[in-house]
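Asks: This one is target_36.cif, mmCIF, C-alpha atoms.
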data_upload
loop_
_atom_site.group_PDB
_atom_site.id
_atom_site.type_symbol
_atom_site.label_atom_id
_atom_site.label_comp_id
_atom_site.auth_asym_id
_atom_site.auth_seq_id
_atom_site.Cartn_x
_atom_site.Cartn_y
_atom_site.Cartn_z
ATOM 1 C CA MET A 1 99.899 20.815 -51.375
ATOM 2 C CA ALA A 2 99.255 19.085 -48.050
ATOM 3 C CA THR A 3 98.950 15.285 -47.968
ATOM 4 C CA ILE A 4 97.197 12.918 -45.597
ATOM 5 C CA HIS A 5 100.606 12.235 -44.017
ATOM 6 C CA ASP A 6 101.040 15.970 -43.299
ATOM 7 C CA VAL A 7 97.641 16.039 -41.580
ATOM 8 C CA ALA A 8 98.466 12.972 -39.480
ATOM 9 C CA GLU A 9 101.838 14.381 -38.421
ATOM 10 C CA ARG A 10 100.471 17.830 -37.515
ATOM 11 C CA ALA A 11 97.481 16.362 -35.631
ATOM 12 C CA GLY A 12 99.656 13.823 -33.809
ATOM 13 C CA VAL A 13 97.639 10.821 -34.996
ATOM 14 C CA SER A 14 98.195 7.965 -37.425
ATOM 15 C CA VAL A 15 97.395 8.061 -41.120
ATOM 16 C CA THR A 16 94.838 5.312 -40.443
ATOM 17 C CA THR A 17 93.029 7.574 -37.976
ATOM 18 C CA VAL A 18 92.851 10.412 -40.499
ATOM 19 C CA SER A 19 91.511 7.952 -43.086
ATOM 20 C CA ARG A 20 88.838 6.738 -40.677
ATOM 21 C CA VAL A 21 87.751 10.308 -39.990
ATOM 22 C CA LEU A 22 87.526 11.050 -43.714
ATOM 23 C CA ASN A 23 85.502 7.925 -44.433
ATOM 24 C CA ASN A 24 83.506 7.965 -41.192
ATOM 25 C CA ARG A 25 84.612 4.413 -40.389
ATOM 26 C CA GLY A 26 85.254 2.878 -36.995
ATOM 27 C CA TYR A 27 85.107 4.544 -33.586
ATOM 28 C CA ILE A 28 86.866 7.906 -33.328
ATOM 29 C CA SER A 29 86.454 10.109 -30.279
ATOM 30 C CA GLU A 30 84.888 13.505 -30.870
ATOM 31 C CA LYS A 31 88.041 15.182 -29.553
ATOM 32 C CA THR A 32 90.240 13.362 -32.104
ATOM 33 C CA ARG A 33 87.764 13.918 -34.893
ATOM 34 C CA ARG A 34 87.700 17.658 -34.171
ATOM 35 C CA LYS A 35 91.511 17.800 -34.030
ATOM 36 C CA VAL A 36 91.778 16.134 -37.452
ATOM 37 C CA TYR A 37 89.189 18.459 -39.014
ATOM 38 C CA ASP A 38 90.863 21.534 -37.528
ATOM 39 C CA THR A 39 94.248 20.389 -38.867
ATOM 40 C CA MET A 40 92.774 19.758 -42.321
ATOM 41 C CA ALA A 41 91.381 23.288 -42.331
ATOM 42 C CA GLU A 42 94.668 24.735 -41.098
ATOM 43 C CA LEU A 43 96.649 22.974 -43.851
ATOM 44 C CA ASN A 44 93.915 23.517 -46.477
ATOM 45 C CA TYR A 45 93.966 19.771 -47.089
ATOM 46 C CA GLN A 46 91.732 18.539 -49.949
ATOM 47 C CA PRO A 47 91.044 14.780 -49.949
ATOM 48 C CA ASN A 48 91.710 12.975 -53.213
ATOM 49 C CA GLU A 49 88.147 11.949 -54.049
ATOM 50 C CA ILE A 50 89.173 9.705 -56.946
ATOM 51 C CA ALA A 51 91.623 7.756 -54.799
ATOM 52 C CA ARG A 52 89.065 7.479 -52.001
ATOM 53 C CA SER A 53 86.406 6.214 -54.385
ATOM 54 C CA LEU A 54 88.746 3.557 -55.766
ATOM 55 C CA LEU A 55 89.586 2.457 -52.229
ATOM 56 C CA ARG A 56 85.941 2.246 -51.138
ATOM 57 C CA LYS A 57 84.739 1.072 -54.571
ATOM 58 C CA GLN A 58 82.161 3.837 -54.262
ATOM 59 C CA SER A 59 82.195 7.328 -55.730
ATOM 60 C CA ASN A 60 79.221 8.716 -53.777
ATOM 61 C CA LEU A 61 78.022 10.040 -57.140
ATOM 62 C CA ILE A 62 74.597 9.328 -58.608
ATOM 63 C CA GLY A 63 74.032 10.069 -62.273
ATOM 64 C CA LEU A 64 70.732 11.628 -63.320
ATOM 65 C CA ILE A 65 69.716 12.018 -66.966
ATOM 66 C CA VAL A 66 66.604 14.080 -67.695
ATOM 67 C CA PRO A 67 65.318 15.312 -71.066
ATOM 68 C CA ASN A 68 65.137 18.972 -70.051
ATOM 69 C CA VAL A 69 65.810 20.312 -66.566
ATOM 70 C CA SER A 70 64.176 23.633 -67.463
ATOM 71 C CA HIS A 71 60.806 21.882 -67.695
ATOM 72 C CA PRO A 72 59.091 22.496 -64.329
ATOM 73 C CA PHE A 73 58.317 18.819 -63.677
ATOM 74 C CA PHE A 74 61.900 17.702 -64.265
ATOM 75 C CA GLY A 75 63.264 20.737 -62.444
ATOM 76 C CA GLU A 76 61.258 19.880 -59.332
ATOM 77 C CA LEU A 77 62.043 16.161 -59.643
ATOM 78 C CA THR A 78 65.764 16.948 -59.937
ATOM 79 C CA ASP A 79 65.551 19.148 -56.857
ATOM 80 C CA ALA A 80 63.979 16.308 -54.865
ATOM 81 C CA ILE A 81 66.507 13.735 -56.091
ATOM 82 C CA GLU A 82 69.434 16.027 -55.251
ATOM 83 C CA TYR A 83 68.050 16.657 -51.765
ATOM 84 C CA TYR A 84 67.613 12.998 -50.887
ATOM 85 C CA ALA A 85 70.887 11.971 -52.527
ATOM 86 C CA TYR A 86 72.691 14.527 -50.371
ATOM 87 C CA GLN A 87 70.985 13.127 -47.284
ATOM 88 C CA GLN A 88 72.533 9.776 -48.211
ATOM 89 C CA GLY A 89 75.984 11.373 -48.562
ATOM 90 C CA CYS A 90 75.891 11.428 -52.360
ATOM 91 C CA LYS A 91 76.343 14.144 -54.956
ATOM 92 C CA LEU A 92 74.419 14.392 -58.213
ATOM 93 C CA LEU A 93 75.883 14.309 -61.720
ATOM 94 C CA LEU A 94 73.123 15.998 -63.738
ATOM 95 C CA CYS A 95 72.776 15.656 -67.514
ATOM 96 C CA ASN A 96 70.242 17.059 -70.012
ATOM 97 C CA SER A 97 69.663 14.699 -72.931
ATOM 98 C CA GLN A 98 67.430 17.074 -74.937
ATOM 99 C CA LEU A 99 65.857 13.820 -76.209
ATOM 100 C CA ASP A 100 68.982 13.221 -78.299
ATOM 101 C CA PRO A 101 70.045 9.535 -78.228
ATOM 102 C CA LEU A 102 73.645 10.360 -79.133
ATOM 103 C CA LYS A 103 73.851 12.842 -76.275
ATOM 104 C CA GLU A 104 72.216 10.417 -73.862
ATOM 105 C CA ARG A 105 74.662 7.664 -74.834
ATOM 106 C CA ASP A 106 77.605 10.074 -74.451
ATOM 107 C CA TYR A 107 76.450 11.036 -70.952
ATOM 108 C CA ILE A 108 76.182 7.398 -69.936
ATOM 109 C CA GLU A 109 79.762 6.837 -71.058
ATOM 110 C CA MET A 110 80.836 9.875 -69.028
ATOM 111 C CA MET A 111 79.091 8.434 -65.967
ATOM 112 C CA LYS A 112 80.978 5.182 -66.412
ATOM 113 C CA ARG A 113 84.269 7.100 -66.480
ATOM 114 C CA HIS A 114 83.288 8.878 -63.260
ATOM 115 C CA ARG A 115 82.422 5.512 -61.672
ATOM 116 C CA VAL A 116 78.998 6.645 -60.519
ATOM 117 C CA ASP A 117 77.321 4.410 -57.954
ATOM 118 C CA GLY A 118 74.052 4.314 -59.893
ATOM 119 C CA ILE A 119 72.040 5.980 -62.647
ATOM 120 C CA ILE A 120 68.529 7.436 -62.503
ATOM 121 C CA MET A 121 67.086 7.546 -66.006
ATOM 122 C CA GLY A 122 64.475 10.227 -66.579
ATOM 123 C CA SER A 123 65.176 10.376 -70.310
ATOM 124 C CA HIS A 124 64.400 7.405 -72.507
ATOM 125 C CA THR A 125 65.624 7.821 -76.058
ATOM 126 C CA LEU A 126 67.923 4.769 -76.146
ATOM 127 C CA GLU A 127 66.828 1.309 -77.208
ATOM 128 C CA VAL A 128 65.878 -1.116 -74.458
ATOM 129 C CA GLU A 129 68.878 -3.340 -75.238
ATOM 130 C CA GLU A 130 71.272 -0.552 -74.261
ATOM 131 C CA TYR A 131 69.707 -0.320 -70.813
ATOM 132 C CA ARG A 132 70.011 -4.083 -70.384
ATOM 133 C CA ASN A 133 73.749 -3.888 -70.967
ATOM 134 C CA LEU A 134 74.438 -1.259 -68.276
ATOM 135 C CA ASN A 135 76.035 -3.061 -65.360
ATOM 136 C CA TYR A 136 74.991 -0.443 -62.797
ATOM 137 C CA PRO A 137 72.234 0.038 -60.254
ATOM 138 C CA ILE A 138 69.590 1.750 -62.377
ATOM 139 C CA VAL A 139 66.191 3.259 -61.696
ATOM 140 C CA THR A 140 63.942 4.448 -64.502
ATOM 141 C CA ILE A 141 61.315 7.155 -64.207
ATOM 142 C CA ASP A 142 57.962 6.419 -65.868
ATOM 143 C CA ARG A 143 59.250 3.590 -68.057
ATOM 144 C CA ARG A 144 59.080 -0.199 -67.648
ATOM 145 C CA ILE A 145 62.205 -2.001 -68.922
ATOM 146 C CA ASP A 146 62.598 -5.717 -68.216
ATOM 147 C CA SER A 147 63.492 -6.296 -64.568
ATOM 148 C CA LEU A 148 64.844 -2.794 -63.883
ATOM 149 C CA PRO A 149 63.099 -1.031 -60.999
ATOM 150 C CA TYR A 150 61.010 1.961 -61.965
ATOM 151 C CA VAL A 151 59.226 4.820 -60.230
ATOM 152 C CA ALA A 152 55.990 6.252 -61.583
ATOM 153 C CA SER A 153 52.791 7.806 -60.386
ATOM 154 C CA ASP A 154 49.449 6.111 -61.028
ATOM 155 C CA ASN A 155 49.028 7.429 -64.554
ATOM 156 C CA TYR A 156 45.911 5.396 -65.269
ATOM 157 C CA ARG A 157 44.118 6.756 -62.214
ATOM 158 C CA GLY A 158 45.212 10.257 -63.184
ATOM 159 C CA GLY A 159 43.461 9.936 -66.528
ATOM 160 C CA GLU A 160 40.344 8.607 -64.833
ATOM 161 C CA LEU A 161 40.214 11.494 -62.355
ATOM 162 C CA ALA A 162 40.495 14.069 -65.128
ATOM 163 C CA ALA A 163 37.725 12.441 -67.157
ATOM 164 C CA GLU A 164 35.419 12.081 -64.159
ATOM 165 C CA LEU A 165 35.755 15.745 -63.234
ATOM 166 C CA LEU A 166 35.104 17.094 -66.739
ATOM 167 C CA ILE A 167 32.140 14.761 -67.197
ATOM 168 C CA GLY A 168 30.818 15.778 -63.784
ATOM 169 C CA LYS A 169 31.099 19.455 -64.744
ATOM 170 C CA GLY A 170 28.846 18.853 -67.745
ATOM 171 C CA CYS A 171 31.399 19.074 -70.558
ATOM 172 C CA ARG A 172 30.034 17.662 -73.832
ATOM 173 C CA LYS A 173 33.011 17.936 -76.194
ATOM 174 C CA ILE A 174 36.448 17.485 -74.695
ATOM 175 C CA ALA A 175 39.966 17.810 -76.102
ATOM 176 C CA HIS A 176 42.879 15.786 -74.793
ATOM 177 C CA ILE A 177 46.412 17.036 -75.502
ATOM 178 C CA CYS A 178 49.209 14.571 -74.764
ATOM 179 C CA GLY A 179 52.794 13.705 -75.610
ATOM 180 C CA ASN A 180 53.639 11.472 -78.540
ATOM 181 C CA LEU A 181 52.141 8.057 -77.849
ATOM 182 C CA GLN A 182 54.840 6.301 -79.901
ATOM 183 C CA LEU A 183 57.197 6.885 -76.985
ATOM 184 C CA ASP A 184 57.090 3.818 -74.753
ATOM 185 C CA MET A 185 56.116 5.649 -71.564
ATOM 186 C CA LEU A 186 53.851 4.723 -68.670
ATOM 187 C CA SER A 187 52.381 8.215 -68.962
ATOM 188 C CA ASN A 188 50.511 6.926 -72.015
ATOM 189 C CA LEU A 189 48.167 5.257 -69.521
ATOM 190 C CA ARG A 190 46.715 8.700 -68.770
ATOM 191 C CA THR A 191 45.414 8.863 -72.315
ATOM 192 C CA ALA A 192 44.131 5.275 -72.288
ATOM 193 C CA ALA A 193 42.140 5.797 -69.088
ATOM 194 C CA PHE A 194 40.815 9.199 -70.131
ATOM 195 C CA GLU A 195 39.541 7.953 -73.484
ATOM 196 C CA GLU A 196 37.979 4.833 -71.951
ATOM 197 C CA LYS A 197 36.017 6.921 -69.457
ATOM 198 C CA LEU A 198 34.741 9.296 -72.138
ATOM 199 C CA ARG A 199 33.714 6.458 -74.453
ATOM 200 C CA SER A 200 31.803 4.773 -71.628
ATOM 201 C CA ALA A 201 29.987 8.031 -70.894
ATOM 202 C CA GLY A 202 29.223 8.673 -74.560
ATOM 203 C CA ILE A 203 31.147 11.957 -74.542
ATOM 204 C CA GLU A 204 32.609 13.296 -77.802
ATOM 205 C CA PHE A 205 36.351 13.889 -77.654
ATOM 206 C CA VAL A 206 39.381 14.612 -79.783
ATOM 207 C CA THR A 207 42.966 13.612 -78.910
ATOM 208 C CA LEU A 208 45.987 15.588 -80.126
ATOM 209 C CA GLN A 209 49.565 14.345 -79.784
ATOM 210 C CA THR A 210 52.719 16.432 -79.845
ATOM 211 C CA GLU A 211 55.609 15.570 -82.138
ATOM 212 C CA MET A 212 58.461 13.458 -80.728
ATOM 213 C CA ASN A 213 59.984 16.518 -79.043
ATOM 214 C CA VAL A 214 57.299 16.723 -76.379
ATOM 215 C CA PHE A 215 58.860 19.857 -74.826
ATOM 216 C CA ASP A 216 58.650 22.155 -77.866
ATOM 217 C CA GLN A 217 56.601 25.048 -76.483
ATOM 218 C CA GLN A 218 56.283 26.718 -79.893
ATOM 219 C CA GLU A 219 54.594 23.557 -81.108
ATOM 220 C CA TYR A 220 52.136 23.746 -78.198
ATOM 221 C CA GLU A 221 50.894 27.109 -79.452
ATOM 222 C CA GLN A 222 50.500 25.866 -83.021
ATOM 223 C CA LEU A 223 48.760 22.678 -81.903
ATOM 224 C CA ILE A 224 46.330 24.519 -79.648
ATOM 225 C CA ALA A 225 45.559 27.163 -82.275
ATOM 226 C CA LYS A 226 44.720 24.402 -84.752
ATOM 227 C CA LEU A 227 42.562 22.685 -82.130
ATOM 228 C CA PHE A 228 40.336 25.712 -81.625
ATOM 229 C CA ASP A 229 40.221 26.476 -85.354
ATOM 230 C CA ASN A 230 38.935 22.966 -86.089
ATOM 231 C CA HIS A 231 36.837 22.510 -82.949
ATOM 232 C CA PRO A 232 35.589 25.924 -81.744
ATOM 233 C CA ASP A 233 32.865 24.223 -79.666
ATOM 234 C CA ILE A 234 35.309 22.501 -77.297
ATOM 235 C CA ASP A 235 34.140 23.044 -73.698
ATOM 236 C CA GLY A 236 36.729 20.986 -71.815
ATOM 237 C CA VAL A 237 40.469 20.266 -72.114
ATOM 238 C CA PHE A 238 42.671 17.719 -70.370
ATOM 239 C CA ALA A 239 46.362 18.450 -70.933
ATOM 240 C CA THR A 240 49.032 16.018 -69.765
ATOM 241 C CA SER A 241 51.152 18.771 -68.254
ATOM 242 C CA ASP A 242 50.462 22.022 -66.451
ATOM 243 C CA ILE A 243 52.631 23.802 -69.031
ATOM 244 C CA ILE A 244 50.386 22.684 -71.891
ATOM 245 C CA ALA A 245 47.354 23.664 -69.805
ATOM 246 C CA SER A 246 48.783 27.170 -69.395
ATOM 247 C CA PHE A 247 49.163 27.493 -73.184
ATOM 248 C CA VAL A 248 45.519 26.455 -73.558
ATOM 249 C CA MET A 249 44.581 29.225 -71.120
ATOM 250 C CA LYS A 250 46.615 31.724 -73.140
ATOM 251 C CA ARG A 251 44.771 30.786 -76.334
ATOM 252 C CA CYS A 252 41.393 30.988 -74.603
ATOM 253 C CA ARG A 253 42.135 34.559 -73.509
ATOM 254 C CA MET A 254 43.031 35.469 -77.100
ATOM 255 C CA LEU A 255 39.717 33.999 -78.290
ATOM 256 C CA GLY A 256 37.689 35.681 -75.554
ATOM 257 C CA LYS A 257 36.666 32.391 -73.959
ATOM 258 C CA ALA A 258 35.940 32.711 -70.238
ATOM 259 C CA ILE A 259 37.520 30.114 -67.906
ATOM 260 C CA PRO A 260 35.771 28.112 -66.475
ATOM 261 C CA GLN A 261 32.419 29.449 -67.727
ATOM 262 C CA ASP A 262 33.027 28.677 -71.427
ATOM 263 C CA ILE A 263 35.726 26.052 -71.108
ATOM 264 C CA ARG A 264 37.145 23.967 -68.277
ATOM 265 C CA ILE A 265 40.824 23.015 -68.200
ATOM 266 C CA ILE A 266 42.755 20.346 -66.308
ATOM 267 C CA GLY A 267 46.548 20.025 -66.274
ATOM 268 C CA TYR A 268 48.877 17.362 -64.914
ATOM 269 C CA ASP A 269 51.816 17.266 -62.446
ATOM 270 C CA ASP A 270 50.880 20.087 -60.024
ATOM 271 C CA VAL A 271 54.178 21.904 -60.461
ATOM 272 C CA ASN A 272 54.524 25.004 -58.306
ATOM 273 C CA ALA A 273 53.562 27.327 -61.160
ATOM 274 C CA ALA A 274 50.104 25.694 -61.414
ATOM 275 C CA SER A 275 49.011 27.575 -58.304
ATOM 276 C CA TRP A 276 50.762 30.846 -59.239
ATOM 277 C CA VAL A 277 49.028 31.587 -62.539
ATOM 278 C CA THR A 278 45.621 33.247 -62.823
ATOM 279 C CA PRO A 279 43.284 31.488 -62.871
ATOM 280 C CA ALA A 280 45.043 28.784 -60.857
ATOM 281 C CA ILE A 281 45.116 25.464 -62.705
ATOM 282 C CA THR A 282 43.092 22.425 -61.697
ATOM 283 C CA THR A 283 45.503 19.532 -62.056
ATOM 284 C CA ILE A 284 46.363 15.925 -61.274
ATOM 285 C CA LYS A 285 49.085 16.015 -58.643
ATOM 286 C CA GLN A 286 52.063 13.721 -59.022
ATOM 287 C CA PRO A 287 53.929 13.133 -55.729
ATOM 288 C CA ILE A 288 57.145 14.570 -57.165
ATOM 289 C CA GLU A 289 59.064 14.713 -53.885
ATOM 290 C CA ASP A 290 58.174 11.120 -53.006
ATOM 291 C CA MET A 291 59.202 9.991 -56.486
ATOM 292 C CA GLY A 292 62.621 11.608 -56.032
ATOM 293 C CA ARG A 293 63.075 10.117 -52.569
ATOM 294 C CA LEU A 294 62.126 6.633 -53.757
ATOM 295 C CA ALA A 295 64.426 6.781 -56.794
ATOM 296 C CA VAL A 296 67.415 7.500 -54.535
ATOM 297 C CA GLU A 297 66.349 4.789 -52.080
ATOM 298 C CA LEU A 298 66.149 2.213 -54.867
ATOM 299 C CA ILE A 299 69.701 3.062 -55.972
ATOM 300 C CA ARG A 300 70.893 2.628 -52.385
ATOM 301 C CA ARG A 301 69.125 -0.711 -51.982
ATOM 302 C CA GLN A 302 70.702 -2.077 -55.153
ATOM 303 C CA MET A 303 74.147 -0.880 -54.083
ATOM 304 C CA GLU A 304 73.868 -2.593 -50.718
ATOM 305 C CA GLY A 305 72.293 -5.783 -51.998
ATOM 306 C CA GLU A 306 69.019 -5.209 -50.177
ATOM 307 C CA PRO A 307 65.673 -6.424 -51.549
ATOM 308 C CA PHE A 308 63.634 -3.890 -53.522
ATOM 309 C CA GLU A 309 60.375 -3.656 -55.409
ATOM 310 C CA ARG A 310 60.588 -3.510 -59.194
ATOM 311 C CA GLU A 311 57.253 -1.768 -59.689
ATOM 312 C CA ASN A 312 56.863 1.411 -57.654
ATOM 313 C CA VAL A 313 53.626 3.204 -58.504
ATOM 314 C CA LEU A 314 52.684 6.104 -56.236
ATOM 315 C CA PRO A 315 49.152 7.519 -55.871
ATOM 316 C CA VAL A 316 47.973 10.698 -57.556
ATOM 317 C CA LYS A 317 45.220 13.052 -56.494
ATOM 318 C CA LEU A 318 42.991 15.681 -58.039
ATOM 319 C CA VAL A 319 43.700 19.259 -56.996
ATOM 320 C CA GLU A 320 40.759 21.401 -58.067
ATOM 321 C CA ARG A 321 41.367 25.095 -58.574
ATOM 322 C CA SER A 322 39.870 27.908 -60.621
ATOM 323 C CA THR A 323 40.072 26.479 -64.167
ATOM 324 C CA THR A 324 37.214 24.045 -63.549
#
Do you think you could lay out the structure here as structure tokens?
Replies:
Amino acid sequence: MATIHDVAERAGVSVTTVSRVLNNRGYISEKTRRKVYDTMAELNYQPNEIARSLLRKQSNLIGLIVPNVSHPFFGELTDAIEYYAYQQGCKLLLCNSQLDPLKERDYIEMMKRHRVDGIIMGSHTLEVEEYRNLNYPIVTIDRRIDSLPYVASDNYRGGELAAELLIGKGCRKIAHICGNLQLDMLSNLRTAAFEEKLRSAGIEFVTLQTEMNVFDQQEYEQLIAKLFDNHPDIDGVFATSDIIASFVMKRCRMLGKAIPQDIRIIGYDDVNAASWVTPAITTIKQPIEDMGRLAVELIRRQMEGEPFERENVLPVKLVERSTT
């Protein structure tokens, strides 16, 4: 197996020059740089990434823990984070926690062993104290923990927008389907704002929470079936994800309810699938790409000792489509 010394000897340069090319440090002429790269290719030289990371005290790895990457929101967020991390010269170490605290803790230990440069936490099953004790640049998604920086969309405004639209459309009895409010998430503000608006307007409503596993799609069907059994006169639904909204649409078709004539439905996130289904889902759009970009930027700022904002709340907007 070729070594850095073999590359230097074949290219007719010093080992220091090869090292500078590999780490993009110092001035190297384009001619020399090209000669080194060509020699590396010729010798099939593979840099020792572990040794390089120890030397630089950087691994160029960012850890990302999400509850379930198959969920469209987290899939699209992961895609954005990977894209912007790569633009910064970093690779992504992706982990699914499945909302299992033991698994999440195990992944954090693995990230420590791989000497990641920072951790983006999109899954939040561990106790706050465990986050405090992580001596790494950390960014949380949709959760406020002490002085750690976080990225979120304006959840409160999202709830307001949904309520205002359904009220404006003349809905008189509205269902709200959300995740489990015992989870300490900023997304709970959607529910708070939505309910406040409906109370102020004197609109009857019912709120249904999922169990702790907020991604159990079988539970969605059972929850929604029970909703319509107990409240057949519902004429509006605000779901806190586009996926839940799509399950509401499925149940309405089974019951022969016309959308939006008999019932109006609003989702949340504006994942790509929201515009693909028929009818296309009215939703509250989270700026998923901007959230991913900002999460990576906050890791970089912490690594380099630059100032950063702790609270990073990005605007949402209403995207009205065929379900309202």
Asks: Under the PyMOL selection byres ((chain A and resi 316) around 9), which residues of this model are included? Write them out as JSON, numbers by chain.
Replies: {"A": [153, 154, 155, 157, 158, 284, 285, 286, 287, 314, 315, 317, 318]}
Asks: Skipping near chain neighbours, those fewer than 2 positions away, what residues fall within 10 Å of Gln46 in chain A using all atoms listed in the file, listed as a compact mmCIF listing (two decimals) with C-alpha atoms, in the coordinates of the input?
Replies:
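Contents of the output file result38.txt:
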# COMPACT_ATOMS: atom_id res chain seq x y z
CA MET A 1 99.90 20.82 -51.38
CA ALA A 2 99.26 19.08 -48.05
CA THR A 3 98.95 15.28 -47.97
CA ILE A 4 97.20 12.92 -45.60
CA MET A 40 92.77 19.76 -42.32
CA ALA A 41 91.38 23.29 -42.33
CA LEU A 43 96.65 22.97 -43.85
CA ASN A 44 93.92 23.52 -46.48
CA ASN A 48 91.71 12.98 -53.21
CA GLU A 49 88.15 11.95 -54.05
Asks: Find the residues near Leu189 in chain A: any atom within 10 Å, counting only C-alpha atoms, skip ones fewer than 2 places away on the same chain, and give them as a PyMOL selection string.
Replies: chain A and resi 154-160+181+185-187+191-195
Asks: Contacts of Arg293 in chain A at 9 Å or less, counting all atoms listed in the file, minus same-chain residues fewer than 3 places along, as a list of chain:residue names?
Replies: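 Counting only the stated atoms, we get A:Ala80, A:Ile81, A:Tyr83, A:Tyr84, A:Ala85, A:Ile288, A:Glu289, A:Asp290, A:Val296, A:Glu297, A:Leu298.
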Asks: I'd like to know which of A:Ile167, A:Ala280, A:Val271, A:Leu208 is closest to Met249 in chain A, using only C-alpha atoms.
Replies: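 Under the stated criterion, the closest residue is A:Ala280.
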Asks: Measuring atom to atom with only C-alpha atoms, identify which of A:Leu161, A:Gly292, A:Arg310, A:Val319 is nearest to Asp146 in chain A.
Replies: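 Comparing A:Leu161, A:Gly292, A:Arg310, A:Val319 against Asp146 in chain A, the winner is A:Arg310.
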Asks: Once the PyMOL selection byres ((chain A and resi 230-240) around 8) is applied to the coordinates I shared, what remains selected? I want it as an MDAnalysis selection string.
Replies: chainID A and resid 162:163 166 171:179 190 226:229 241:242 244:245 262:269
Asks: For each of A:Glu320, A:Glu211, A:Glu306, A:Asp270, take the minimum atom-to-atom distance to Thr282 in chain A, counting all atoms listed in the file, then give the residue where this is smallest.
Replies: A:Glu320
Asks: May I ask which of the residues A:Lys197, A:Lys31, A:His124, A:Arg113 is the closest one to Val66 in chain A, counting only C-alpha atoms?
Replies: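 Distance minimum relative to Val66 in chain A lands on A:His124.
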Asks: Translate the PyMOL selection byres ((chain A and resi 99) around 12), as applied to the file shown, into an explicit residue set as a PyMOL selection string.
Replies: chain A and resi 65-69+95-98+100-105+122-126+183+211-216
Asks: What separation in Å, quoted to one decimal, exists between CA of Ile203 in chain A and CA of Leu165 in chain A?
Replies: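 Taking CA of Ile203 in chain A and CA of Leu165 in chain A, their separation equals 12.8 Å.
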Asks: Would you compute the distance between CA of Gly118 in chain A and CA of Glu311 in chain A? Give it in Å to one decimal.
Replies: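 Interatomic distance, CA of Gly118 in chain A to CA of Glu311 in chain A: 17.9 Å.
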Asks: For CA of Val36 in chain A and CA of Ala8 in chain A, determine how far apart the two atoms are, in Å to one decimal place.
Replies: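 Separation of CA of Val36 in chain A and CA of Ala8 in chain A: 7.7 Å.
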Asks: Taking (76.2, 0.8, -59.7) in the file's coordinates as the center, which residues reach within 6 Å of it, counting only C-alpha atoms, put as a list in words?
Replies: Asp117, Gly118, Tyr136 and Pro137 of chain A
Asks: Can you spit out the residues from that selection as a PDB file, keeping the file's coordinate frame, using C-alpha atoms?
Replies:
ATOM      1  CA  ASP A 117      77.321   4.410 -57.954  1.00  0.00           C
ATOM      2  CA  GLY A 118      74.052   4.314 -59.893  1.00  0.00           C
ATOM      3  CA  TYR A 136      74.991  -0.443 -62.797  1.00  0.00           C
ATOM      4  CA  PRO A 137      72.234   0.038 -60.254  1.00  0.00           C
TER       5      PRO A 137
END
Asks: For a quick check of understanding, using only C-alpha atoms, which of A:Leu94, A:Leu64, A:Val277, A:Met254 has the smallest distance to Thr140 in chain A?
Replies: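 For Thr140 in chain A, the nearest of the given residues is A:Leu64.
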Asks: Of the residues A:Pro149, A:Ile108, A:Val248, A:Tyr45, which is the one nearest to Asn133 in chain A, using only C-alpha atoms?
Replies: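 Selected residue with least distance to Asn133 in chain A: A:Ile108.
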